[in-house]
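Listing of input.cif; format and content: mmCIF, C-alpha atoms and all ligand atoms.
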```
data_protein
loop_
_atom_site.label_atom_id
_atom_site.label_comp_id
_atom_site.auth_asym_id
_atom_site.auth_seq_id
_atom_site.Cartn_x
_atom_site.Cartn_y
_atom_site.Cartn_z
CA MET S 1487 85.44 91.58 120.52
CA PRO S 1488 85.86 95.37 120.43
CA ASP S 1489 89.17 95.52 122.29
CA VAL S 1490 90.65 98.96 122.93
CA LEU S 1491 93.81 99.54 120.95
CA LYS S 1492 96.62 100.32 123.39
CA ASN S 1493 99.04 101.53 120.72
CA ASP S 1494 97.43 103.31 117.78
CA ARG S 1495 100.51 105.14 116.41
CA PHE S 1496 100.45 103.15 113.18
CA LEU S 1497 96.78 103.86 112.46
CA ARG S 1498 97.13 107.53 113.46
CA ALA S 1499 100.07 107.93 111.08
CA LEU S 1500 97.96 106.40 108.28
CA ARG S 1501 95.27 109.01 109.02
CA LEU S 1502 98.00 111.73 108.85
CA GLU S 1503 97.38 112.54 112.52
CA PRO S 1504 100.22 113.56 114.86
CA THR S 1505 101.93 110.88 116.95
CA ASP S 1506 104.26 111.07 119.98
CA THR S 1507 106.97 109.31 117.98
CA THR S 1508 107.34 107.62 114.59
CA PRO S 1509 105.72 104.17 114.41
CA ILE S 1510 107.80 101.30 113.06
CA TRP S 1511 107.23 97.75 111.86
CA VAL S 1512 109.48 95.63 109.65
CA MET S 1513 108.48 93.82 106.45
CA ARG S 1514 108.93 90.06 107.04
CA GLN S 1515 109.32 90.77 110.76
CA ALA S 1516 108.32 87.17 111.51
CA GLY S 1517 110.88 85.12 109.63
CA ARG S 1518 114.06 83.16 109.38
CA TYR S 1519 116.34 85.72 111.09
CA LEU S 1520 114.59 84.79 114.37
CA PRO S 1521 115.72 81.53 116.04
CA GLU S 1522 112.27 81.11 117.62
CA TYR S 1523 110.70 81.30 114.13
CA ARG S 1524 113.04 78.57 112.86
CA ALA S 1525 112.14 76.41 115.88
CA THR S 1526 108.39 76.78 115.27
CA ARG S 1527 108.85 76.11 111.55
CA GLU S 1528 110.69 72.92 112.48
CA ARG S 1529 107.76 71.82 114.65
CA ALA S 1530 105.26 72.68 111.88
CA GLY S 1531 107.31 70.67 109.35
CA SER S 1532 107.17 73.19 106.50
CA PHE S 1533 106.32 76.75 105.58
CA MET S 1534 102.81 75.72 104.47
CA GLY S 1535 102.40 73.77 107.71
CA LEU S 1536 103.07 77.02 109.57
CA ALA S 1537 100.78 79.12 107.45
CA GLN S 1538 97.88 76.66 107.36
CA GLN S 1539 97.63 75.96 111.09
CA PRO S 1540 96.25 79.06 112.82
CA GLU S 1541 97.95 78.27 116.17
CA PHE S 1542 101.36 78.20 114.48
CA ALA S 1543 100.60 81.25 112.32
CA CYS S 1544 99.52 83.12 115.46
CA GLU S 1545 102.60 82.06 117.41
CA VAL S 1546 105.06 83.31 114.78
CA THR S 1547 103.07 86.53 114.21
CA LEU S 1548 103.54 87.41 117.88
CA GLN S 1549 107.21 86.38 118.18
CA PRO S 1550 108.74 89.64 116.91
CA LEU S 1551 106.35 91.67 119.12
CA ASP S 1552 107.63 89.88 122.20
CA ARG S 1553 111.20 90.82 121.33
CA PHE S 1554 110.89 94.34 119.92
CA ASP S 1555 108.74 97.40 120.61
CA LEU S 1556 107.00 97.23 117.21
CA ASP S 1557 103.91 99.32 116.45
CA ALA S 1558 102.05 96.85 114.22
CA ALA S 1559 101.63 93.10 113.73
CA ILE S 1560 101.35 91.54 110.27
CA LEU S 1561 99.45 88.35 109.65
CA PHE S 1562 101.85 85.46 109.11
CA SER S 1563 101.01 84.02 105.70
CA ASP S 1564 102.26 84.46 102.16
CA ILE S 1565 101.01 86.22 99.04
CA LEU S 1566 101.07 82.90 97.17
CA THR S 1567 98.31 81.29 99.28
CA VAL S 1568 95.77 82.79 96.86
CA PRO S 1569 97.13 81.08 93.71
CA ASP S 1570 97.50 77.92 95.80
CA ALA S 1571 93.79 78.12 96.64
CA MET S 1572 93.11 78.61 92.90
CA GLY S 1573 94.54 75.14 92.32
CA LEU S 1574 98.18 75.78 91.32
CA GLY S 1575 99.73 73.60 94.05
CA LEU S 1576 102.22 75.69 96.06
CA SER S 1577 105.29 74.26 97.75
CA PHE S 1578 108.47 75.70 99.22
CA ALA S 1579 111.49 73.54 98.54
CA GLU S 1580 114.03 73.95 101.37
CA GLY S 1581 116.27 76.91 100.54
CA GLU S 1582 114.80 77.29 97.04
CA GLY S 1583 111.80 79.57 97.31
CA PRO S 1584 108.24 79.01 96.10
CA GLN S 1585 107.19 76.66 93.28
CA PHE S 1586 103.87 75.80 91.66
CA ALA S 1587 103.11 72.24 90.59
CA ARG S 1588 100.61 73.48 87.96
CA PRO S 1589 101.70 76.90 86.57
CA LEU S 1590 99.46 78.62 84.02
CA ARG S 1591 100.55 77.45 80.58
CA SER S 1592 97.57 78.06 78.26
CA LYS S 1593 94.37 80.00 77.71
CA ALA S 1594 92.48 76.93 78.95
CA ASP S 1595 94.36 77.13 82.28
CA ILE S 1596 93.40 80.80 82.65
CA ASP S 1597 89.76 80.19 81.60
CA LYS S 1598 89.46 77.64 84.39
CA LEU S 1599 90.54 80.04 87.16
CA ALA S 1600 87.87 81.08 89.64
CA VAL S 1601 87.81 83.27 92.74
CA PRO S 1602 88.54 80.90 95.64
CA ASP S 1603 86.05 80.40 98.48
CA MET S 1604 87.13 82.51 101.46
CA ASP S 1605 85.26 80.17 103.81
CA GLY S 1606 86.65 77.10 102.04
CA GLU S 1607 90.17 76.87 100.64
CA LEU S 1608 91.24 80.08 102.39
CA ARG S 1609 89.41 79.60 105.64
CA TYR S 1610 92.71 78.91 107.45
CA VAL S 1611 93.83 82.49 106.74
CA MET S 1612 90.63 83.94 108.23
CA ASP S 1613 90.93 81.62 111.24
CA ALA S 1614 94.49 82.85 111.76
CA VAL S 1615 93.34 86.50 111.57
CA ARG S 1616 90.62 85.85 114.18
CA LEU S 1617 93.02 84.04 116.52
CA ILE S 1618 95.77 86.66 116.19
CA ARG S 1619 93.30 89.50 116.92
CA LYS S 1620 92.22 87.64 120.06
CA GLU S 1621 95.78 86.93 121.23
CA LEU S 1622 96.97 90.47 120.49
CA ARG S 1623 94.48 91.81 123.03
CA GLY S 1624 94.74 95.28 121.51
CA ARG S 1625 98.54 95.60 121.91
CA VAL S 1626 99.01 96.88 118.36
CA PRO S 1627 96.89 96.81 115.19
CA LEU S 1628 96.93 93.80 112.86
CA ILE S 1629 97.79 94.24 109.18
CA GLY S 1630 96.19 91.89 106.67
CA PHE S 1631 97.72 91.62 103.20
CA SER S 1632 97.68 90.24 99.70
CA GLY S 1633 99.92 90.26 96.64
CA SER S 1634 98.90 92.57 93.79
CA PRO S 1635 97.35 90.90 90.73
CA TRP S 1636 100.47 91.71 88.68
CA THR S 1637 102.85 90.20 91.24
CA LEU S 1638 100.70 87.09 91.74
CA ALA S 1639 100.43 86.62 87.97
CA CYS S 1640 104.26 86.83 87.71
CA TYR S 1641 104.61 83.70 89.85
CA MET S 1642 101.54 81.92 88.43
CA VAL S 1643 102.78 82.14 84.84
CA GLU S 1644 106.49 81.59 85.61
CA GLY S 1645 105.77 78.79 88.09
CA ARG S 1646 108.52 80.02 90.43
CA GLY S 1647 110.62 83.04 91.34
CA SER S 1648 112.56 84.83 88.60
CA LYS S 1649 114.72 87.92 88.09
CA ASP S 1650 112.63 89.35 85.25
CA PHE S 1651 109.38 87.29 85.01
CA ALA S 1652 109.78 87.41 81.24
CA THR S 1653 107.06 84.77 80.62
CA LEU S 1654 104.27 87.05 81.87
CA LYS S 1655 105.81 90.06 80.12
CA ALA S 1656 105.78 88.11 76.85
CA MET S 1657 102.08 87.34 77.41
CA CYS S 1658 101.39 91.06 77.90
CA TRP S 1659 102.89 91.81 74.47
CA ASN S 1660 101.68 88.74 72.58
CA GLU S 1661 98.25 88.11 74.13
CA PRO S 1662 97.26 91.29 75.98
CA LYS S 1663 93.58 90.23 76.18
CA LEU S 1664 94.54 87.02 77.92
CA ALA S 1665 96.87 88.89 80.31
CA HIS S 1666 94.01 91.25 81.18
CA GLN S 1667 91.65 88.33 81.71
CA LEU S 1668 94.11 86.81 84.18
CA LEU S 1669 94.72 90.13 85.98
CA ASP S 1670 90.99 90.89 86.20
CA THR S 1671 90.23 87.49 87.73
CA LEU S 1672 93.04 88.08 90.21
CA ALA S 1673 91.72 91.56 91.03
CA GLN S 1674 88.39 90.00 92.00
CA ALA S 1675 90.12 87.33 94.06
CA VAL S 1676 92.37 89.83 95.86
CA ALA S 1677 89.46 92.17 96.67
CA ALA S 1678 87.40 89.28 98.07
CA TYR S 1679 90.43 88.02 100.02
CA LEU S 1680 91.12 91.41 101.62
CA ILE S 1681 87.44 92.01 102.40
CA ALA S 1682 87.32 88.59 104.14
CA GLN S 1683 90.44 89.48 106.17
CA ALA S 1684 88.79 92.77 107.17
CA ALA S 1685 85.63 90.91 108.22
CA ALA S 1686 87.80 88.51 110.27
CA GLY S 1687 89.45 91.39 112.15
CA ALA S 1688 92.36 92.88 110.17
CA GLN S 1689 92.72 96.58 111.02
CA ALA S 1690 94.74 97.76 108.01
CA LEU S 1691 95.35 96.18 104.59
CA MET S 1692 98.50 96.10 102.52
CA ILE S 1693 99.01 95.10 98.89
CA PHE S 1694 102.51 93.91 97.95
CA ASP S 1695 103.31 94.74 94.34
CA THR S 1696 106.87 93.48 94.60
CA TRP S 1697 107.40 93.17 90.86
CA GLY S 1698 105.50 96.25 89.59
CA GLY S 1699 108.84 98.03 89.16
CA LEU S 1700 109.85 95.52 86.46
CA LEU S 1701 107.45 97.27 84.09
CA GLY S 1702 108.04 100.37 82.01
CA PRO S 1703 105.83 103.40 82.71
CA GLY S 1704 103.00 102.62 80.25
CA PRO S 1705 102.80 98.89 81.06
CA PHE S 1706 102.98 99.69 84.81
CA ARG S 1707 99.81 101.76 84.52
CA GLU S 1708 98.08 99.21 82.31
CA PHE S 1709 99.03 95.93 83.98
CA SER S 1710 99.78 96.80 87.62
CA LEU S 1711 98.29 100.13 88.74
CA ARG S 1712 94.92 99.62 87.02
CA THR S 1713 93.97 96.51 88.99
CA MET S 1714 95.24 97.95 92.29
CA ALA S 1715 92.97 100.97 91.72
CA GLN S 1716 90.05 98.58 91.08
CA ILE S 1717 90.81 96.76 94.33
CA VAL S 1718 91.00 99.97 96.42
CA ALA S 1719 87.62 101.00 94.94
CA ALA S 1720 86.12 97.58 95.79
CA LEU S 1721 87.43 97.81 99.37
CA LYS S 1722 85.88 101.26 99.78
CA ALA S 1723 82.54 99.93 98.54
CA ASP S 1724 82.28 97.09 101.06
CA ALA S 1725 81.00 97.63 104.60
CA ALA S 1726 83.61 95.28 106.14
CA SER S 1727 86.63 97.07 104.65
CA ARG S 1728 85.37 100.62 104.02
CA GLU S 1729 86.99 102.12 107.14
CA LEU S 1730 90.32 100.29 106.84
CA PRO S 1731 93.41 102.14 105.60
CA VAL S 1732 95.04 100.52 102.57
CA VAL S 1733 98.80 100.65 101.93
CA LEU S 1734 100.14 99.96 98.43
CA PHE S 1735 103.77 98.94 97.97
CA SER S 1736 105.08 98.86 94.41
CA LYS S 1737 108.78 98.14 94.73
CA GLY S 1738 110.95 100.05 92.27
CA ALA S 1739 108.08 102.30 91.23
CA GLY S 1740 109.17 105.54 92.90
CA GLN S 1741 108.31 107.49 89.75
CA HIS S 1742 104.65 106.40 90.06
CA LEU S 1743 103.97 107.56 93.63
CA ALA S 1744 101.55 110.34 92.63
CA ALA S 1745 99.56 107.96 90.41
CA LEU S 1746 99.50 105.35 93.19
CA ALA S 1747 98.23 108.00 95.65
CA ASP S 1748 95.41 108.81 93.18
CA THR S 1749 93.92 105.34 93.81
CA GLY S 1750 92.55 106.60 97.14
CA CYS S 1751 94.87 104.50 99.31
CA ALA S 1752 95.88 105.80 102.75
CA GLY S 1753 99.58 105.05 102.49
CA LEU S 1754 102.37 104.01 100.15
CA GLY S 1755 105.34 101.77 100.78
CA VAL S 1756 108.58 103.29 99.49
CA ASP S 1757 111.82 101.45 98.71
CA TRP S 1758 115.27 102.90 99.51
CA THR S 1759 116.05 104.20 96.01
CA ILE S 1760 114.10 107.42 96.57
CA ASP S 1761 114.62 110.12 99.21
CA LEU S 1762 111.54 110.40 101.47
CA ALA S 1763 111.54 114.20 101.09
CA ASP S 1764 111.17 113.77 97.31
CA ALA S 1765 108.56 111.03 97.79
CA ARG S 1766 106.57 113.30 100.11
CA ALA S 1767 106.79 116.16 97.61
CA ALA S 1768 105.62 113.82 94.83
CA VAL S 1769 102.42 112.91 96.70
CA GLY S 1770 101.99 116.43 98.10
CA GLY S 1771 101.56 115.05 101.63
CA ARG S 1772 98.21 113.48 100.59
CA VAL S 1773 99.06 109.97 101.83
CA ALA S 1774 101.24 108.46 104.53
CA LEU S 1775 104.61 106.99 103.52
CA GLN S 1776 106.04 103.74 104.83
CA GLY S 1777 109.78 103.11 104.55
CA ASN S 1778 112.54 103.21 103.54
CA LEU S 1779 115.79 101.96 105.09
CA ASP S 1780 117.86 99.70 102.83
CA PRO S 1781 117.56 96.25 104.49
CA ALA S 1782 121.29 95.67 103.87
CA ILE S 1783 122.07 98.40 106.44
CA LEU S 1784 120.97 95.96 109.17
CA ARG S 1785 124.24 94.13 108.45
CA ALA S 1786 126.28 97.23 109.34
CA ALA S 1787 127.72 98.21 112.75
CA PRO S 1788 125.16 99.48 115.33
CA ALA S 1789 126.40 103.07 115.06
CA VAL S 1790 125.77 102.96 111.29
CA VAL S 1791 122.29 101.50 111.77
CA ARG S 1792 121.44 104.34 114.17
CA ARG S 1793 122.90 107.03 111.91
CA GLU S 1794 121.13 105.75 108.80
CA ALA S 1795 117.83 105.42 110.70
CA ARG S 1796 118.11 109.06 111.78
CA MET S 1797 118.82 110.05 108.17
CA VAL S 1798 115.59 108.38 107.05
CA LEU S 1799 113.66 110.10 109.83
CA ASP S 1800 115.22 113.47 108.95
CA SER S 1801 114.47 113.01 105.26
CA TYR S 1802 110.74 112.77 106.10
CA GLY S 1803 111.01 115.53 108.71
CA ASN S 1804 108.56 116.58 111.41
CA HIS S 1805 105.35 115.95 109.49
CA PRO S 1806 102.55 113.53 110.31
CA GLY S 1807 102.22 110.40 108.18
CA HIS S 1808 105.57 108.61 108.39
CA ILE S 1809 105.68 104.92 109.26
CA PHE S 1810 109.25 103.71 109.53
CA ASN S 1811 110.00 100.41 107.76
CA LEU S 1812 112.64 98.83 105.62
CA GLY S 1813 112.50 99.43 101.87
CA HIS S 1814 111.96 95.67 101.40
CA GLY S 1815 111.82 92.55 103.58
CA ILE S 1816 114.38 91.76 106.27
CA THR S 1817 116.86 89.07 105.18
CA PRO S 1818 117.63 85.82 107.07
CA GLU S 1819 121.25 86.60 108.02
CA VAL S 1820 120.38 89.74 110.06
CA GLN S 1821 121.13 89.46 113.79
CA PRO S 1822 117.96 90.02 115.85
CA GLU S 1823 119.85 92.47 118.12
CA GLN S 1824 120.20 94.79 115.11
CA VAL S 1825 116.41 95.05 114.86
CA LYS S 1826 116.19 96.06 118.52
CA ILE S 1827 118.81 98.77 117.91
CA LEU S 1828 116.78 100.03 114.93
CA VAL S 1829 113.38 100.02 116.65
CA ASP S 1830 114.68 101.77 119.76
CA GLU S 1831 116.56 104.40 117.76
CA VAL S 1832 113.50 105.16 115.61
CA HIS S 1833 111.30 105.65 118.68
CA GLN S 1834 113.88 107.70 120.55
CA TYR S 1835 114.92 109.96 117.68
CA GLY S 1836 111.33 110.13 116.38
CA ARG S 1837 110.27 111.50 119.75
CA THR S 1838 112.94 114.22 119.64
CA LEU S 1839 112.04 115.07 116.05
CA ARG S 1840 108.39 115.50 116.97
CA GLY S 1841 109.16 117.38 120.17
CA GLY S 1842 107.35 114.63 122.11
CA ARG S 1843 103.99 116.05 121.06
CA ARG S 1844 100.97 113.93 120.45
O1 LIG E 1901 111.54 79.26 104.60
C1 LIG E 1901 110.68 79.98 105.15
O2 LIG E 1901 110.44 79.94 106.36
C2 LIG E 1901 109.91 80.81 104.23
C3 LIG E 1901 110.34 82.23 104.10
C4 LIG E 1901 109.08 83.03 103.92
C5 LIG E 1901 108.44 83.83 104.89
C6 LIG E 1901 108.88 84.10 106.29
C7 LIG E 1901 108.26 83.04 102.76
C8 LIG E 1901 108.49 82.32 101.50
N1 LIG E 1901 107.15 83.82 103.02
C9 LIG E 1901 107.21 84.32 104.29
C10 LIG E 1901 106.22 85.15 104.98
C11 LIG E 1901 105.68 86.32 104.27
N2 LIG E 1901 105.68 86.54 102.92
C12 LIG E 1901 105.01 87.39 104.89
C13 LIG E 1901 104.69 87.36 106.38
C14 LIG E 1901 104.52 88.52 107.17
C15 LIG E 1901 105.74 89.35 107.50
O3 LIG E 1901 106.36 89.07 108.54
O4 LIG E 1901 106.02 90.31 106.76
C16 LIG E 1901 104.67 88.31 103.89
C17 LIG E 1901 104.00 89.65 104.01
C18 LIG E 1901 105.09 87.75 102.64
C19 LIG E 1901 104.86 88.36 101.33
C20 LIG E 1901 105.55 87.87 100.14
N3 LIG E 1901 105.83 86.56 99.76
C21 LIG E 1901 105.97 88.69 99.05
C22 LIG E 1901 105.73 90.16 99.00
C23 LIG E 1901 106.65 90.95 99.86
C24 LIG E 1901 108.10 90.89 99.51
O5 LIG E 1901 108.89 90.51 100.39
O6 LIG E 1901 108.45 91.24 98.37
C25 LIG E 1901 106.55 87.88 98.08
C26 LIG E 1901 107.14 88.31 96.75
C27 LIG E 1901 106.45 86.53 98.52
C28 LIG E 1901 106.87 85.29 97.81
C29 LIG E 1901 107.80 84.52 98.63
N4 LIG E 1901 107.42 83.75 99.67
C30 LIG E 1901 108.51 83.19 100.29
C31 LIG E 1901 109.66 83.62 99.56
C32 LIG E 1901 111.07 83.20 99.84
C33 LIG E 1901 109.20 84.47 98.55
C34 LIG E 1901 110.06 85.26 97.56
C35 LIG E 1901 110.42 84.42 96.41
C36 LIG E 1901 111.17 85.22 95.36
O7 LIG E 1901 112.29 85.67 95.64
O8 LIG E 1901 110.63 85.40 94.26
#
```
Transcribe the structure of this file into structure tokens.
Ligand code: 1CP
Amino acid sequence: MPDVLKNDRFLRALRLEPTDTTPIWVMRQAGRYLPEYRATRERAGSFMGLAQQPEFACEVTLQPLDRFDLDAAILFSDILTVPDAMGLGLSFAEGEGPQFARPLRSKADIDKLAVPDMDGELRYVMDAVRLIRKELRGRVPLIGFSGSPWTLACYMVEGRGSKDFATLKAMCWNEPKLAHQLLDTLAQAVAAYLIAQAAAGAQALMIFDTWGGLLGPGPFREFSLRTMAQIVAALKADAASRELPVVLFSKGAGQHLAALADTGCAGLGVDWTIDLADARAAVGGRVALQGNLDPAILRAAPAVVRREARMVLDSYGNHPGHIFNLGHGITPEVQPEQVKILVDEVHQYGRTLRGGRR
């Protein structure tokens, strides 16, 4: 199914090639701020019902693209499907966030973990990727994704969300060998998961390291960065994923951008706590940057949204390799009209900034 990509701005930006305007997509672009998402979720019965039935996953993946002029689609799923497939029993209590029925409590629990079967427990994800690629008909590229080993381990050990994930941190200090065993198993699982998504048709791959920034500099390198570097190397060694650009997003880890770029990834997600000009200087223009509007700005008046979007675009300047995004996921109370205002402003101002060249 070699469909011709009609809009390749996102992939060009990841290759540091010039584009006519700045590409934009929005983290969590399919989600609760959209009434049509809430309606489909209602029909599916639950979040897992949505994620595990490819027709529903495909429907909600396409919903934001029908409303806004976005330059990429992202697979509708969740990072926690991998631990679920490893036997931890994931559920989403209404309004409460994710929970595991069987969190990791002992060495025996960690010894038992195995890389899940991509054609078995996780087949529904690959089926969704195949269906979405077909239904996209080359409109925009499809991003596949996974959580980082560190971020997955945070939830697997804690059993639920947390502000500091202190249970895993304690394991890193008290039983570092066991922590490494867990992270290494997860690195293998994440690499296999992303390779399978590539084989199913994903055109770019993103790793969400949402909680990497909770670590101090030494522990970040040891417990988060190390396994992401292993995964990028594994992706480059496999025929299915070799050509795909990889984007790493370590939230709150602006001081580690150069080290993250050293992994050989194509792009880095950047949160709003760092100026894009400084971020670009830190990586020496070697990789593309994706970000970094504070998601809270989408709750401001339209004129403020437009002004702040232009400030982000100006901070990157007229260089190739910027993908506009929020600095973290969009939140449920945002009005959908605000996203349209943002997307249109980014394309319009991005065109002016680049002098309309291609
Ligand atoms: O009630 C609902 O409908 C569920 C809300 C929801 C959604 C829309 C969850 C539960 N997950 C998702 C989808 C999702 N999650 C996507 C889909 C694609 C997209 O449109 O972007 C992606 C990429 C994720 C990734 C994800 N899940 C991350 C990493 C990125 C990030 O935002 O930091 C994390 C940390 C999760 C865990 C998770 N899943 C859901 C929630 C509410 C959470 C966060 C829990 C917490 O605060 O710790």
Would you pick out the contacts of Leu1491 (chain S) at 7 Å or less, using all atoms listed in the file, so that residues sharing its chain but fewer than 5 positions from it are not included, and give the list as a VMD selection string? chain S and resid 1624 to 1626
Nearest residue to ligand LIG 1901 (chain E) from the set S:Met1513, S:Val1676, S:Ala1499, S:Ala1763 (distances using all atoms listed in the file):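 Counting all atoms listed in the file, the residue closest to ligand LIG 1901 (chain E) is S:Met1513.
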Distance filter 8 Å around ligand LIG 1901 (chain E), atoms: only C-alpha atoms and all ligand atoms, out as a compact mmCIF listing (two decimals) with C-alpha atoms, keeping the file's coordinate frame:
```
# COMPACT_ATOMS: atom_id res chain seq x y z
CA VAL S 1512 109.48 95.63 109.65
CA MET S 1513 108.48 93.82 106.45
CA ARG S 1514 108.93 90.06 107.04
CA GLN S 1515 109.32 90.77 110.76
CA ALA S 1516 108.32 87.17 111.51
CA GLY S 1517 110.88 85.12 109.63
CA ARG S 1518 114.06 83.16 109.38
CA TYR S 1523 110.70 81.30 114.13
CA ARG S 1524 113.04 78.57 112.86
CA ARG S 1527 108.85 76.11 111.55
CA SER S 1532 107.17 73.19 106.50
CA PHE S 1533 106.32 76.75 105.58
CA THR S 1547 103.07 86.53 114.21
CA ILE S 1560 101.35 91.54 110.27
CA LEU S 1561 99.45 88.35 109.65
CA PHE S 1562 101.85 85.46 109.11
CA SER S 1563 101.01 84.02 105.70
CA ASP S 1564 102.26 84.46 102.16
CA ILE S 1565 101.01 86.22 99.04
CA LEU S 1566 101.07 82.90 97.17
CA PHE S 1578 108.47 75.70 99.22
CA GLU S 1580 114.03 73.95 101.37
CA GLY S 1581 116.27 76.91 100.54
CA GLU S 1582 114.80 77.29 97.04
CA GLY S 1583 111.80 79.57 97.31
CA PRO S 1584 108.24 79.01 96.10
CA PHE S 1631 97.72 91.62 103.20
CA SER S 1632 97.68 90.24 99.70
CA GLY S 1633 99.92 90.26 96.64
CA THR S 1637 102.85 90.20 91.24
CA TYR S 1641 104.61 83.70 89.85
CA ARG S 1646 108.52 80.02 90.43
CA GLY S 1647 110.62 83.04 91.34
CA SER S 1648 112.56 84.83 88.60
CA LYS S 1649 114.72 87.92 88.09
CA PHE S 1694 102.51 93.91 97.95
CA ASP S 1695 103.31 94.74 94.34
CA THR S 1696 106.87 93.48 94.60
CA TRP S 1697 107.40 93.17 90.86
CA LYS S 1737 108.78 98.14 94.73
CA HIS S 1814 111.96 95.67 101.40
CA GLY S 1815 111.82 92.55 103.58
```
So which one's closest to Asp1597 (chain S), S:Leu1669, S:Leu1828, S:Leu1746, S:Ala1530? Using only C-alpha atoms, please. S:Leu1669
Write out as an MDAnalysis selection string each polymer residue whose atoms come within 10 Å of Gly1841 (chain S), counting all atoms listed in the file; drop sequence neighbours fewer than 6 positions from it. chainID S and resid 1506:1507 1804 1835
Give me region 1503-1521 of chain S with N, CA and C atoms filled in, as a PDB file, in the frame of the given file.
```
ATOM      1  N   GLU S1503      97.534 111.859 111.236  1.00  0.00           N
ATOM      2  CA  GLU S1503      97.380 112.540 112.520  1.00  0.00           C
ATOM      3  C   GLU S1503      98.725 112.545 113.248  1.00  0.00           C
ATOM      4  N   PRO S1504      98.949 113.528 114.133  1.00  0.00           N
ATOM      5  CA  PRO S1504     100.220 113.560 114.860  1.00  0.00           C
ATOM      6  C   PRO S1504     100.389 112.366 115.803  1.00  0.00           C
ATOM      7  N   THR S1505     101.627 111.972 116.025  1.00  0.00           N
ATOM      8  CA  THR S1505     101.930 110.880 116.950  1.00  0.00           C
ATOM      9  C   THR S1505     103.064 111.327 117.866  1.00  0.00           C
ATOM     10  N   ASP S1506     103.208 110.662 119.031  1.00  0.00           N
ATOM     11  CA  ASP S1506     104.260 111.070 119.980  1.00  0.00           C
ATOM     12  C   ASP S1506     105.644 110.739 119.430  1.00  0.00           C
ATOM     13  N   THR S1507     105.734 109.646 118.670  1.00  0.00           N
ATOM     14  CA  THR S1507     106.970 109.310 117.980  1.00  0.00           C
ATOM     15  C   THR S1507     106.603 108.576 116.692  1.00  0.00           C
ATOM     16  N   THR S1508     107.616 108.268 115.882  1.00  0.00           N
ATOM     17  CA  THR S1508     107.340 107.620 114.590  1.00  0.00           C
ATOM     18  C   THR S1508     107.088 106.125 114.796  1.00  0.00           C
ATOM     19  N   PRO S1509     105.968 105.618 114.312  1.00  0.00           N
ATOM     20  CA  PRO S1509     105.720 104.170 114.410  1.00  0.00           C
ATOM     21  C   PRO S1509     106.643 103.381 113.488  1.00  0.00           C
ATOM     22  N   ILE S1510     106.945 102.167 113.883  1.00  0.00           N
ATOM     23  CA  ILE S1510     107.800 101.300 113.060  1.00  0.00           C
ATOM     24  C   ILE S1510     107.297  99.866 113.094  1.00  0.00           C
ATOM     25  N   TRP S1511     107.302  99.206 111.937  1.00  0.00           N
ATOM     26  CA  TRP S1511     107.230  97.750 111.860  1.00  0.00           C
ATOM     27  C   TRP S1511     108.170  97.351 110.727  1.00  0.00           C
ATOM     28  N   VAL S1512     108.433  96.088 110.568  1.00  0.00           N
ATOM     29  CA  VAL S1512     109.480  95.630 109.650  1.00  0.00           C
ATOM     30  C   VAL S1512     108.895  94.577 108.702  1.00  0.00           C
ATOM     31  N   MET S1513     108.978  94.814 107.398  1.00  0.00           N
ATOM     32  CA  MET S1513     108.480  93.820 106.450  1.00  0.00           C
ATOM     33  C   MET S1513     109.202  92.492 106.668  1.00  0.00           C
ATOM     34  N   ARG S1514     108.429  91.407 106.703  1.00  0.00           N
ATOM     35  CA  ARG S1514     108.930  90.060 107.040  1.00  0.00           C
ATOM     36  C   ARG S1514     109.464  89.991 108.463  1.00  0.00           C
ATOM     37  N   GLN S1515     108.805  90.738 109.383  1.00  0.00           N
ATOM     38  CA  GLN S1515     109.320  90.770 110.760  1.00  0.00           C
ATOM     39  C   GLN S1515     109.264  89.415 111.449  1.00  0.00           C
ATOM     40  N   ALA S1516     108.314  88.566 111.048  1.00  0.00           N
ATOM     41  CA  ALA S1516     108.320  87.170 111.510  1.00  0.00           C
ATOM     42  C   ALA S1516     109.021  86.372 110.419  1.00  0.00           C
ATOM     43  N   GLY S1517     110.181  85.815 110.715  1.00  0.00           N
ATOM     44  CA  GLY S1517     110.880  85.120 109.630  1.00  0.00           C
ATOM     45  C   GLY S1517     112.169  84.486 110.095  1.00  0.00           C
ATOM     46  N   ARG S1518     112.921  84.052 109.102  1.00  0.00           N
ATOM     47  CA  ARG S1518     114.060  83.160 109.380  1.00  0.00           C
ATOM     48  C   ARG S1518     115.199  83.779 110.154  1.00  0.00           C
ATOM     49  N   TYR S1519     115.258  85.126 110.280  1.00  0.00           N
ATOM     50  CA  TYR S1519     116.340  85.720 111.090  1.00  0.00           C
ATOM     51  C   TYR S1519     116.100  85.479 112.578  1.00  0.00           C
ATOM     52  N   LEU S1520     114.886  85.046 112.962  1.00  0.00           N
ATOM     53  CA  LEU S1520     114.590  84.790 114.370  1.00  0.00           C
ATOM     54  C   LEU S1520     114.733  83.297 114.699  1.00  0.00           C
ATOM     55  N   PRO S1521     115.569  82.945 115.684  1.00  0.00           N
ATOM     56  CA  PRO S1521     115.720  81.530 116.040  1.00  0.00           C
ATOM     57  C   PRO S1521     114.399  80.901 116.492  1.00  0.00           C
TER      58      PRO S1521
END
```
